[in-house]
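Peer 1: For reference, this is query34.cif, and it has mmCIF, C-alpha atoms.
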data_start
#
loop_
_atom_site.label_atom_id
_atom_site.label_comp_id
_atom_site.auth_asym_id
_atom_site.auth_seq_id
_atom_site.Cartn_x
_atom_site.Cartn_y
_atom_site.Cartn_z
CA MET H 1 -21.11 -106.43 10.71
CA ILE H 2 -19.44 -104.69 7.78
CA THR H 3 -16.53 -106.61 6.27
CA THR H 4 -14.00 -105.12 3.88
CA VAL H 5 -11.90 -107.09 1.42
CA THR H 6 -8.48 -105.74 0.40
CA LEU H 7 -6.68 -108.09 -1.94
CA ASN H 8 -3.73 -105.77 -2.55
CA PRO H 9 -3.16 -103.78 0.68
CA ALA H 10 -0.24 -101.41 1.07
CA ILE H 11 1.77 -99.27 3.39
CA ASP H 12 0.61 -95.75 2.50
CA ARG H 13 3.27 -93.06 2.77
CA ALA H 14 2.17 -89.45 2.27
CA TYR H 15 4.85 -86.75 2.13
CA VAL H 16 3.50 -83.20 2.52
CA ILE H 17 5.83 -80.86 0.61
CA ASN H 18 4.93 -77.29 -0.28
CA ASP H 19 6.02 -76.27 -3.78
CA PHE H 20 7.39 -79.74 -4.62
CA LYS H 21 9.96 -79.81 -7.44
CA PRO H 22 11.88 -82.74 -8.97
CA ASN H 23 15.67 -83.02 -8.62
CA LYS H 24 15.66 -81.43 -5.17
CA LYS H 25 16.46 -82.88 -1.74
CA TYR H 26 13.84 -82.46 1.00
CA HIS H 27 14.37 -82.95 4.73
CA LEU H 28 10.95 -83.43 6.30
CA ASP H 29 9.72 -82.98 9.85
CA VAL H 30 7.75 -85.81 11.46
CA ASP H 31 4.43 -84.03 10.97
CA GLU H 32 5.11 -83.82 7.22
CA VAL H 33 5.23 -87.62 6.83
CA LYS H 34 2.08 -89.71 7.22
CA ILE H 35 2.45 -93.51 7.25
CA THR H 36 -0.68 -95.64 7.46
CA ALA H 37 -2.08 -99.07 6.64
CA GLY H 38 -3.53 -98.55 3.18
CA GLY H 39 -5.35 -100.02 0.27
CA LYS H 40 -8.91 -99.03 -0.64
CA GLY H 41 -10.62 -101.68 1.47
CA LEU H 42 -8.57 -100.81 4.54
CA ASN H 43 -9.39 -97.13 4.12
CA VAL H 44 -13.07 -98.09 4.03
CA ALA H 45 -12.63 -100.17 7.18
CA ARG H 46 -10.89 -97.33 9.02
CA VAL H 47 -13.56 -94.76 8.17
CA ALA H 48 -16.40 -97.16 9.02
CA ALA H 49 -14.73 -97.82 12.39
CA ILE H 50 -14.40 -94.06 13.02
CA LEU H 51 -18.14 -93.84 12.35
CA GLY H 52 -18.68 -96.27 15.21
CA GLU H 53 -19.32 -99.53 13.37
CA LYS H 54 -17.88 -102.93 14.17
CA VAL H 55 -15.73 -103.82 11.18
CA ASN H 56 -13.81 -106.87 10.03
CA ALA H 57 -11.01 -106.53 7.49
CA THR H 58 -9.89 -109.44 5.36
CA GLY H 59 -7.76 -109.98 2.28
CA LEU H 60 -4.15 -110.93 1.63
CA LEU H 61 -1.08 -109.85 3.63
CA GLY H 62 2.58 -110.74 3.28
CA GLY H 63 6.10 -109.90 4.43
CA TYR H 64 7.29 -106.99 6.53
CA SER H 65 4.75 -104.67 4.92
CA GLY H 66 1.96 -107.05 5.83
CA LYS H 67 3.18 -107.23 9.43
CA PHE H 68 3.16 -103.44 9.69
CA ILE H 69 -0.35 -103.23 8.22
CA GLN H 70 -1.63 -105.82 10.69
CA GLU H 71 -0.09 -103.93 13.63
CA GLU H 72 -1.68 -100.67 12.49
CA LEU H 73 -5.12 -102.25 12.26
CA ASP H 74 -4.65 -103.80 15.71
CA LYS H 75 -3.98 -100.31 17.11
CA LEU H 76 -7.33 -99.19 15.70
CA HIS H 77 -9.08 -102.22 17.26
CA ILE H 78 -10.31 -103.33 13.84
CA SER H 79 -11.01 -107.06 13.71
CA THR H 80 -9.04 -108.87 11.00
CA SER H 81 -9.04 -112.25 9.28
CA PHE H 82 -6.33 -111.91 6.64
CA VAL H 83 -4.83 -114.80 4.74
CA ARG H 84 -1.02 -114.78 4.83
CA ILE H 85 0.90 -114.97 1.57
CA ASN H 86 4.58 -115.56 0.87
CA GLU H 87 5.43 -112.38 -1.05
CA SER H 88 5.45 -108.96 0.60
CA SER H 89 2.55 -106.51 0.41
CA ARG H 90 3.26 -103.34 -1.54
CA ILE H 91 4.10 -99.73 -0.66
CA PHE H 92 2.06 -96.78 -1.99
CA THR H 93 3.66 -93.32 -1.93
CA ALA H 94 1.95 -89.95 -2.38
CA ILE H 95 3.76 -86.59 -2.49
CA VAL H 96 1.17 -83.97 -1.60
CA ASP H 97 1.87 -80.34 -2.50
CA PRO H 98 -0.76 -78.13 -0.78
CA LEU H 99 0.68 -74.95 -2.28
CA ASN H 100 0.22 -76.03 -5.90
CA ASN H 101 -2.64 -78.43 -5.17
CA THR H 102 -0.84 -81.43 -6.76
CA GLU H 103 -0.42 -85.08 -5.82
CA THR H 104 2.36 -87.25 -7.24
CA ILE H 105 1.63 -90.96 -6.86
CA VAL H 106 4.07 -93.89 -6.92
CA ALA H 107 2.25 -97.23 -6.54
CA GLU H 108 3.97 -100.62 -6.48
CA LYS H 109 2.15 -103.43 -8.29
CA GLY H 110 2.37 -105.77 -5.33
CA PRO H 111 2.92 -109.51 -4.83
CA VAL H 112 2.14 -112.55 -6.96
CA VAL H 113 -0.45 -114.81 -5.30
CA THR H 114 -0.27 -118.58 -5.67
CA LYS H 115 -3.22 -120.89 -6.32
CA LYS H 116 -2.83 -122.34 -2.83
CA GLU H 117 -3.04 -118.84 -1.32
CA LEU H 118 -6.09 -118.03 -3.48
CA ASN H 119 -7.85 -121.19 -2.31
CA ALA H 120 -7.10 -120.28 1.32
CA PHE H 121 -8.65 -116.85 0.76
CA VAL H 122 -11.80 -118.32 -0.81
CA LYS H 123 -12.25 -120.55 2.24
CA GLU H 124 -11.86 -117.53 4.52
CA PHE H 125 -14.34 -115.53 2.42
CA VAL H 126 -16.96 -118.24 2.83
CA LYS H 127 -16.43 -118.13 6.60
CA ILE H 128 -16.94 -114.35 6.88
CA LEU H 129 -20.34 -114.58 5.20
CA LYS H 130 -21.69 -116.05 8.42
CA TYR H 131 -21.24 -112.78 10.32
CA SER H 132 -21.29 -110.13 7.57
CA GLU H 133 -24.33 -108.17 6.42
CA ILE H 134 -22.43 -105.97 3.99
CA ILE H 135 -19.12 -106.71 2.30
CA VAL H 136 -17.10 -104.01 0.57
CA ALA H 137 -14.49 -105.34 -1.86
CA ALA H 138 -12.28 -102.55 -3.12
CA GLY H 139 -9.05 -101.77 -4.87
CA SER H 140 -6.52 -103.30 -7.22
CA VAL H 141 -5.88 -107.00 -7.57
CA PRO H 142 -2.41 -108.61 -7.28
CA LYS H 143 -0.99 -110.90 -9.94
CA GLY H 144 -2.02 -114.53 -9.76
CA LEU H 145 -5.73 -113.87 -9.17
CA PRO H 146 -8.34 -114.29 -11.94
CA LYS H 147 -10.12 -111.34 -13.52
CA THR H 148 -13.36 -112.85 -12.20
CA ILE H 149 -12.26 -112.66 -8.55
CA TYR H 150 -14.68 -109.88 -7.58
CA GLY H 151 -17.49 -111.44 -9.59
CA ASP H 152 -16.84 -114.79 -7.95
CA MET H 153 -17.11 -113.17 -4.52
CA VAL H 154 -20.39 -111.47 -5.50
CA LYS H 155 -21.90 -114.80 -6.57
CA ILE H 156 -20.90 -116.49 -3.31
CA ALA H 157 -22.25 -113.57 -1.27
CA GLU H 158 -25.52 -113.50 -3.21
CA ASP H 159 -26.06 -117.19 -2.48
CA ASN H 160 -25.82 -116.27 1.22
CA ASN H 161 -28.03 -113.12 1.05
CA VAL H 162 -25.13 -110.77 1.79
CA LYS H 163 -24.98 -107.39 0.02
CA MET H 164 -21.74 -106.59 -1.79
CA ILE H 165 -20.34 -103.20 -2.75
CA ILE H 166 -17.62 -103.26 -5.41
CA ASP H 167 -15.11 -100.45 -5.93
CA ALA H 168 -12.89 -101.68 -8.74
CA SER H 169 -11.92 -100.79 -12.29
CA GLY H 170 -11.18 -102.26 -15.69
CA SER H 171 -11.89 -105.91 -16.38
CA TYR H 172 -12.34 -106.63 -12.65
CA LEU H 173 -15.27 -104.20 -12.53
CA GLU H 174 -16.65 -105.49 -15.81
CA GLU H 175 -16.67 -109.07 -14.54
CA ALA H 176 -18.15 -108.01 -11.18
CA ILE H 177 -21.08 -106.30 -12.92
CA LYS H 178 -21.99 -109.60 -14.61
CA ALA H 179 -22.47 -111.10 -11.13
CA ARG H 180 -24.87 -108.27 -10.08
CA PRO H 181 -23.52 -106.79 -6.83
CA PHE H 182 -25.73 -104.50 -4.74
CA MET H 183 -23.65 -101.42 -5.62
CA ILE H 184 -20.68 -100.38 -7.73
CA LYS H 185 -18.74 -97.14 -7.27
CA PRO H 186 -16.52 -96.18 -10.17
CA ASN H 187 -15.28 -92.62 -10.52
CA LEU H 188 -15.97 -90.84 -13.80
CA GLU H 189 -12.70 -91.91 -15.41
CA GLU H 190 -13.33 -95.56 -14.49
CA LEU H 191 -16.87 -95.38 -15.87
CA GLU H 192 -15.53 -93.94 -19.13
CA GLU H 193 -13.03 -96.79 -19.34
CA LEU H 194 -15.88 -99.25 -18.79
CA VAL H 195 -18.19 -97.85 -21.49
CA GLY H 196 -15.42 -96.92 -23.95
CA TYR H 197 -16.11 -93.25 -24.65
CA LYS H 198 -15.97 -89.76 -23.11
CA LEU H 199 -18.89 -88.97 -20.84
CA ASP H 200 -18.96 -85.18 -21.14
CA SER H 201 -22.50 -84.55 -19.90
CA GLU H 202 -24.77 -85.62 -17.08
CA HIS H 203 -27.15 -87.07 -19.66
CA LYS H 204 -24.49 -89.48 -20.96
CA ILE H 205 -23.41 -90.46 -17.44
CA ILE H 206 -26.98 -91.19 -16.40
CA PHE H 207 -27.73 -93.09 -19.63
CA GLU H 208 -24.80 -95.45 -19.05
CA CYS H 209 -25.58 -95.89 -15.35
CA LYS H 210 -29.19 -96.77 -16.18
CA HIS H 211 -27.91 -99.39 -18.60
CA ILE H 212 -25.79 -100.89 -15.81
CA CYS H 213 -28.76 -100.89 -13.42
CA LYS H 214 -30.79 -102.81 -16.00
CA GLN H 215 -28.20 -105.57 -15.70
CA GLY H 216 -29.25 -106.11 -12.08
CA ILE H 217 -27.18 -103.59 -10.10
CA GLU H 218 -29.33 -101.81 -7.50
CA VAL H 219 -27.13 -98.72 -7.07
CA VAL H 220 -24.49 -97.13 -9.29
CA GLY H 221 -22.60 -94.33 -7.52
CA ILE H 222 -20.27 -92.15 -9.58
CA SER H 223 -17.93 -90.11 -7.38
CA MET H 224 -17.01 -86.80 -9.03
CA GLY H 225 -14.70 -85.07 -6.56
CA ALA H 226 -15.61 -81.47 -5.74
CA GLU H 227 -18.77 -81.79 -7.85
CA GLY H 228 -20.15 -84.43 -5.50
CA ALA H 229 -21.68 -87.51 -7.08
CA ILE H 230 -24.32 -88.93 -9.34
CA PHE H 231 -26.31 -91.91 -8.09
CA VAL H 232 -28.56 -94.00 -10.29
CA THR H 233 -31.02 -96.70 -9.23
CA LYS H 234 -33.82 -98.47 -11.04
CA ASP H 235 -36.17 -95.78 -9.70
CA GLY H 236 -34.25 -92.71 -10.87
CA ALA H 237 -31.13 -90.58 -10.98
CA TYR H 238 -29.86 -88.18 -8.32
CA LYS H 239 -27.23 -85.46 -8.33
CA VAL H 240 -25.66 -85.06 -4.88
CA CYS H 241 -23.88 -81.71 -4.50
CA ALA H 242 -20.90 -81.49 -2.14
CA PRO H 243 -20.26 -78.44 0.07
CA LYS H 244 -17.36 -76.23 -1.01
CA VAL H 245 -14.17 -76.76 0.99
CA ASP H 246 -10.46 -76.07 0.64
CA PRO H 247 -8.99 -79.48 -0.32
CA ILE H 248 -5.85 -80.77 1.37
CA ASN H 249 -5.54 -84.41 0.25
CA SER H 250 -7.95 -86.21 -2.04
CA VAL H 251 -6.30 -89.65 -1.67
CA GLY H 252 -8.81 -91.91 0.07
CA CYS H 253 -11.84 -89.70 -0.54
CA GLY H 254 -13.53 -92.34 -2.69
CA ASP H 255 -12.96 -94.87 0.08
CA ALA H 256 -14.48 -92.57 2.69
CA PHE H 257 -17.38 -92.10 0.26
CA VAL H 258 -17.94 -95.87 0.11
CA ALA H 259 -17.64 -96.19 3.90
CA GLY H 260 -20.26 -93.49 4.45
CA PHE H 261 -22.65 -95.24 2.09
CA ALA H 262 -22.01 -98.71 3.55
CA VAL H 263 -22.56 -97.53 7.12
CA ALA H 264 -25.81 -95.82 6.14
CA ILE H 265 -27.13 -98.96 4.43
CA TYR H 266 -26.02 -101.10 7.37
CA LYS H 267 -28.04 -98.82 9.67
CA LYS H 268 -31.07 -99.23 7.38
CA ASN H 269 -31.06 -95.58 6.27
CA ASN H 270 -32.98 -94.89 3.07
CA LEU H 271 -31.01 -94.40 -0.15
CA GLU H 272 -31.15 -90.60 -0.18
CA LYS H 273 -29.64 -90.45 3.31
CA ALA H 274 -27.01 -92.95 2.20
CA PHE H 275 -26.18 -90.74 -0.79
CA LYS H 276 -25.75 -87.74 1.50
CA LYS H 277 -23.58 -89.65 3.99
CA ALA H 278 -21.36 -90.89 1.17
CA VAL H 279 -20.68 -87.40 -0.15
CA ALA H 280 -20.34 -85.94 3.36
CA ALA H 281 -17.73 -88.58 4.27
CA GLY H 282 -15.80 -88.02 1.06
CA THR H 283 -15.80 -84.27 1.70
CA ALA H 284 -14.66 -84.78 5.29
CA ASN H 285 -11.70 -86.81 4.00
CA VAL H 286 -10.51 -84.18 1.53
CA ILE H 287 -9.77 -81.64 4.29
CA GLU H 288 -7.52 -84.08 6.17
CA GLU H 289 -3.82 -84.72 5.58
CA LYS H 290 -4.21 -88.39 6.55
CA ILE H 291 -5.23 -90.88 3.87
CA GLY H 292 -8.64 -92.47 4.43
CA TYR H 293 -9.50 -90.51 7.58
CA ILE H 294 -12.37 -88.28 8.65
CA ASP H 295 -13.45 -86.21 11.64
CA VAL H 296 -17.00 -87.20 12.59
CA GLU H 297 -17.97 -83.63 13.54
CA HIS H 298 -16.87 -82.40 10.14
CA MET H 299 -18.84 -85.15 8.42
CA GLU H 300 -22.00 -84.31 10.38
CA LYS H 301 -21.63 -80.64 9.46
CA PHE H 302 -21.16 -81.48 5.78
CA TYR H 303 -24.10 -83.90 5.85
CA ASN H 304 -26.39 -80.98 6.65
CA GLU H 305 -24.92 -79.00 3.75
CA VAL H 306 -25.14 -81.73 1.10
CA LYS H 307 -27.97 -81.23 -1.40
CA VAL H 308 -29.75 -84.06 -3.22
CA ILE H 309 -31.43 -83.20 -6.53
CA LYS H 310 -33.73 -85.75 -8.21
CA LEU H 311 -32.90 -85.57 -11.92
CA ASP H 312 -35.55 -87.95 -13.26
#
Spell out the structure here as structure tokens.

Peer 2:
Amino acid sequence: MITTVTLNPAIDRAYVINDFKPNKKYHLDVDEVKITAGGKGLNVARVAAILGEKVNATGLLGGYSGKFIQEELDKLHISTSFVRINESSRIFTAIVDPLNNTETIVAEKGPVVTKKELNAFVKEFVKILKYSEIIVAAGSVPKGLPKTIYGDMVKIAEDNNVKMIIDASGSYLEEAIKARPFMIKPNLEELEELVGYKLDSEHKIIFECKHICKQGIEVVGISMGAEGAIFVTKDGAYKVCAPKVDPINSVGCGDAFVAGFAVAIYKKNNLEKAFKKAVAAGTANVIEEKIGYIDVEHMEKFYNEVKVIKLD
């Protein structure tokens, strides 16, 4: 089974407004408002489930927002094992303007987690290792949790021979790398933040990814939007070119990317096929209005159009 961890889930609200301008009042039709259970890990879970895999979602949920998120996951028949917290889960709002190709994001920071709630989550995490082959931990971290939280999970998973994929940023990613997860997936901006300088060439990107791999990471995947992705392993570097499409909503594309990769690895596909499925899933997401959603037929079509180039 694939398990996803979402420590800071949210209600995702996407408002589709053509030619959006500030200081104006908009009255939207129902089809212009998309409300879903969100957070990076939950987006991964949803896409993996669409791809036909049995998925468990865990993490922290609280308040009315948490109740709504749970109900939405139940509708999708996604198994869950969340730990309940006292404070309410957050709300994430995106205003998508297809005409001007812009996205305005308003993201709440989320709840403060107590030590008792953290300890309850750690106990639950240990339990899920018994039935998980791959665990994807993704997204922001609420207040009250240590910067080592992702790294701590990686160490526990490694002791139980469970592969972990980490999609995080900043100090949380830095600490996770020290624990040597199977894969990390920063975007280019997050990688630049990690290494501390502008990566304005493929050579620089690959150099830094190779350095990370030498620290014990098997796969570093850098998602690069319309340009596809760069993957680096101990055996080489690969440029994965995405098919050209007309983008509608890029929110959740990185999560679909991770889901495509995780499903491929779970099915024992080789790495090059996993690279292609990651980029195909991310591309399938960008042509959808929903956040963290793909059409399987679109993904299969894009998979056949994705090109993998061995760089060295």

Peer 1: Which residues match the PyMOL selection byres ((chain H and resi 73) around 10) in the file above, as JSON, numbers by chain?

Peer 2: {"H": [36, 37, 38, 42, 45, 46, 57, 68, 69, 70, 71, 72, 74, 75, 76, 77, 78, 79, 80]}

Peer 1: Counting only C-alpha atoms, which of H:Ala256, H:Ile265, H:Leu311, H:Leu145 gets nearest to Ala281 of chain H?

Peer 2: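 Answer, going by the shortest atom-to-atom distance: H:Ala256.
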
Peer 1: Please enumerate the residues selected by the PyMOL selection byres ((chain H and resi 106) around 9) when evaluated against the supplied file, formatted as number ranges by chain.

Peer 2: H: 91-95, 104-105, 107-108

Peer 1: Counting all atoms listed in the file, which residues in segment 244-307 of chain H sit no more than 10 Å from segment 172-187 of chain H? For each one, give the nearest pair of atoms and the distance in Å, sorted by chain then residue number, as a tab-separated table.

Peer 2:
residue	atom	partner	partner_atom	distance
H:Gly254	CA	H:Asn187	CA	8.0
H:Asp255	CA	H:Lys185	CA	9.6
H:Phe257	CA	H:Lys185	CA	9.2
H:Val258	CA	H:Lys185	CA	7.5
H:Phe261	CA	H:Met183	CA	9.9
H:Ala262	CA	H:Met183	CA	9.7

Peer 1: Restrict the selected residues to C-alpha atoms and save them as a PDB file, in the coordinates of the input.

Peer 2:
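Okay, again35.pdb is ready:
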ATOM      1  CA  GLY H 254     -13.530 -92.340  -2.690  1.00  0.00           C
ATOM      2  CA  ASP H 255     -12.960 -94.870   0.080  1.00  0.00           C
ATOM      3  CA  PHE H 257     -17.380 -92.100   0.260  1.00  0.00           C
ATOM      4  CA  VAL H 258     -17.940 -95.870   0.110  1.00  0.00           C
ATOM      5  CA  PHE H 261     -22.650 -95.240   2.090  1.00  0.00           C
ATOM      6  CA  ALA H 262     -22.010 -98.710   3.550  1.00  0.00           C
TER       7      ALA H 262
END

Peer 1: Identify which of the residues H:Ala49, H:Pro146, H:Asp159, H:Ala242 lies closest to Asn304 of chain H, counting only C-alpha atoms when measuring atom-to-atom distances.

Peer 2: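 Among the listed residues, H:Ala242 lies closest to Asn304 of chain H.
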
Peer 1: Would you write out, as a PyMOL selection string, every residue that the PyMOL selection byres ((chain H and resi 119) around 12) captures in this file?

Peer 2: chain H and resi 60+83-85+113-118+120-126+144-146+149

Peer 1: Which is closer to Ile135 of chain H than all the others in H:Val162, H:Val220, H:Val44, H:Val232, using all atoms listed in the file?

Peer 2: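 Closest candidate: H:Val162.
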
Peer 1: So, counting all atoms listed in the file, which residue among H:Val5, H:Glu288, H:Met299, H:Gly62 is closest to Tyr150 of chain H?

Peer 2: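 Of all the options, H:Val5 lies closest to Tyr150 of chain H.
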
Peer 1: Which value, in Å to one decimal, gives the distance between atom CA of Ala226 of chain H and atom CA of Val286 of chain H?

Peer 2: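 Atom-to-atom, atom CA of Ala226 of chain H to atom CA of Val286 of chain H, that is 9.3 Å.
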
Peer 1: Between atom CA of Pro9 of chain H and atom CA of Lys143 of chain H, what is the spacing in Å?

Peer 2: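 Separating atom CA of Lys143 of chain H from atom CA of Pro9 of chain H is a distance of 13.0 Å.
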
Peer 1: Between atom CA of Val251 of chain H and atom CA of Ile11 of chain H, what is the spacing in Å?

Peer 2: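 Atom CA of Val251 of chain H lies at a distance of 13.5 Å from atom CA of Ile11 of chain H.
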
Peer 1: From the options H:Ala259, H:Val55, H:Ala229, H:Val154, which residue's atoms come nearest to Val279 of chain H, counting only C-alpha atoms?

Peer 2: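 Residue with the minimum atom-to-atom distance to Val279 of chain H: H:Ala229.
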
Peer 1: Export segment 92-113 of chain H, N, CA, C and O atoms, as an mmCIF file, in the first residue's frame; it's the structure right above.

Peer 2:
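out30.cif written:
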data_model
loop_
_atom_site.group_PDB
_atom_site.id
_atom_site.type_symbol
_atom_site.label_atom_id
_atom_site.label_comp_id
_atom_site.auth_asym_id
_atom_site.auth_seq_id
_atom_site.Cartn_x
_atom_site.Cartn_y
_atom_site.Cartn_z
ATOM 1 N N PHE H 92 -6.942 26.993 2.279
ATOM 2 C CA PHE H 92 -6.025 27.454 1.214
ATOM 3 C C PHE H 92 -6.880 27.955 0.056
ATOM 4 O O PHE H 92 -7.745 27.234 -0.439
ATOM 5 N N THR H 93 -6.653 29.191 -0.370
ATOM 6 C CA THR H 93 -7.479 29.786 -1.420
ATOM 7 C C THR H 93 -6.633 30.173 -2.627
ATOM 8 O O THR H 93 -5.586 30.812 -2.487
ATOM 9 N N ALA H 94 -7.093 29.767 -3.811
ATOM 10 C CA ALA H 94 -6.430 30.134 -5.067
ATOM 11 C C ALA H 94 -7.429 30.835 -5.977
ATOM 12 O O ALA H 94 -8.537 30.334 -6.182
ATOM 13 N N ILE H 95 -7.057 31.991 -6.501
ATOM 14 C CA ILE H 95 -7.867 32.678 -7.512
ATOM 15 C C ILE H 95 -7.179 32.483 -8.855
ATOM 16 O O ILE H 95 -6.091 33.009 -9.098
ATOM 17 N N VAL H 96 -7.799 31.686 -9.699
ATOM 18 C CA VAL H 96 -7.211 31.304 -10.980
ATOM 19 C C VAL H 96 -7.816 32.157 -12.092
ATOM 20 O O VAL H 96 -9.037 32.206 -12.244
ATOM 21 N N ASP H 97 -6.953 32.829 -12.831
ATOM 22 C CA ASP H 97 -7.379 33.678 -13.945
ATOM 23 C C ASP H 97 -6.883 33.065 -15.251
ATOM 24 O O ASP H 97 -5.735 33.289 -15.651
ATOM 25 N N PRO H 98 -7.716 32.251 -15.939
ATOM 26 C CA PRO H 98 -7.279 31.600 -17.177
ATOM 27 C C PRO H 98 -6.959 32.588 -18.294
ATOM 28 O O PRO H 98 -6.110 32.308 -19.155
ATOM 29 N N LEU H 99 -7.615 33.740 -18.295
ATOM 30 C CA LEU H 99 -7.402 34.708 -19.370
ATOM 31 C C LEU H 99 -5.987 35.293 -19.327
ATOM 32 O O LEU H 99 -5.301 35.378 -20.348
ATOM 33 N N ASN H 100 -5.548 35.663 -18.138
ATOM 34 C CA ASN H 100 -4.216 36.256 -17.981
ATOM 35 C C ASN H 100 -3.167 35.263 -17.490
ATOM 36 O O ASN H 100 -2.015 35.639 -17.265
ATOM 37 N N ASN H 101 -3.597 34.009 -17.315
ATOM 38 C CA ASN H 101 -2.695 32.938 -16.881
ATOM 39 C C ASN H 101 -2.003 33.292 -15.552
ATOM 40 O O ASN H 101 -0.781 33.201 -15.413
ATOM 41 N N THR H 102 -2.811 33.729 -14.557
ATOM 42 C CA THR H 102 -2.275 34.066 -13.239
ATOM 43 C C THR H 102 -2.976 33.253 -12.160
ATOM 44 O O THR H 102 -4.105 32.792 -12.338
ATOM 45 N N GLU H 103 -2.295 33.103 -11.034
ATOM 46 C CA GLU H 103 -2.846 32.430 -9.863
ATOM 47 C C GLU H 103 -2.489 33.245 -8.625
ATOM 48 O O GLU H 103 -1.307 33.474 -8.359
ATOM 49 N N THR H 104 -3.483 33.686 -7.901
ATOM 50 C CA THR H 104 -3.277 34.436 -6.665
ATOM 51 C C THR H 104 -3.566 33.502 -5.498
ATOM 52 O O THR H 104 -4.651 32.934 -5.408
ATOM 53 N N ILE H 105 -2.585 33.329 -4.621
ATOM 54 C CA ILE H 105 -2.683 32.330 -3.555
ATOM 55 C C ILE H 105 -2.775 33.005 -2.182
ATOM 56 O O ILE H 105 -1.998 33.901 -1.869
ATOM 57 N N VAL H 106 -3.741 32.556 -1.374
ATOM 58 C CA VAL H 106 -3.845 32.973 0.020
ATOM 59 C C VAL H 106 -3.831 31.696 0.864
ATOM 60 O O VAL H 106 -4.765 30.895 0.805
ATOM 61 N N ALA H 107 -2.764 31.502 1.637
ATOM 62 C CA ALA H 107 -2.607 30.260 2.401
ATOM 63 C C ALA H 107 -2.506 30.563 3.890
ATOM 64 O O ALA H 107 -1.602 31.290 4.326
ATOM 65 N N GLU H 108 -3.437 30.028 4.679
ATOM 66 C CA GLU H 108 -3.360 30.158 6.131
ATOM 67 C C GLU H 108 -2.214 29.301 6.676
ATOM 68 O O GLU H 108 -1.878 28.268 6.096
ATOM 69 N N LYS H 109 -1.626 29.722 7.778
ATOM 70 C CA LYS H 109 -0.504 28.994 8.361
ATOM 71 C C LYS H 109 -0.945 27.702 9.034
ATOM 72 O O LYS H 109 -0.176 26.753 9.130
ATOM 73 N N GLY H 110 -2.152 27.676 9.539
ATOM 74 C CA GLY H 110 -2.647 26.446 10.141
ATOM 75 C C GLY H 110 -2.540 26.419 11.647
ATOM 76 O O GLY H 110 -2.165 27.397 12.293
ATOM 77 N N PRO H 111 -2.847 25.269 12.249
ATOM 78 C CA PRO H 111 -2.953 25.140 13.712
ATOM 79 C C PRO H 111 -1.601 25.038 14.407
ATOM 80 O O PRO H 111 -0.557 24.874 13.761
ATOM 81 N N VAL H 112 -1.647 25.104 15.730
ATOM 82 C CA VAL H 112 -0.484 24.814 16.572
ATOM 83 C C VAL H 112 -0.706 23.438 17.187
ATOM 84 O O VAL H 112 -1.753 23.165 17.776
ATOM 85 N N VAL H 113 0.260 22.550 17.023
ATOM 86 C CA VAL H 113 0.140 21.160 17.483
ATOM 87 C C VAL H 113 0.831 21.000 18.833
ATOM 88 O O VAL H 113 1.958 21.460 19.033
#
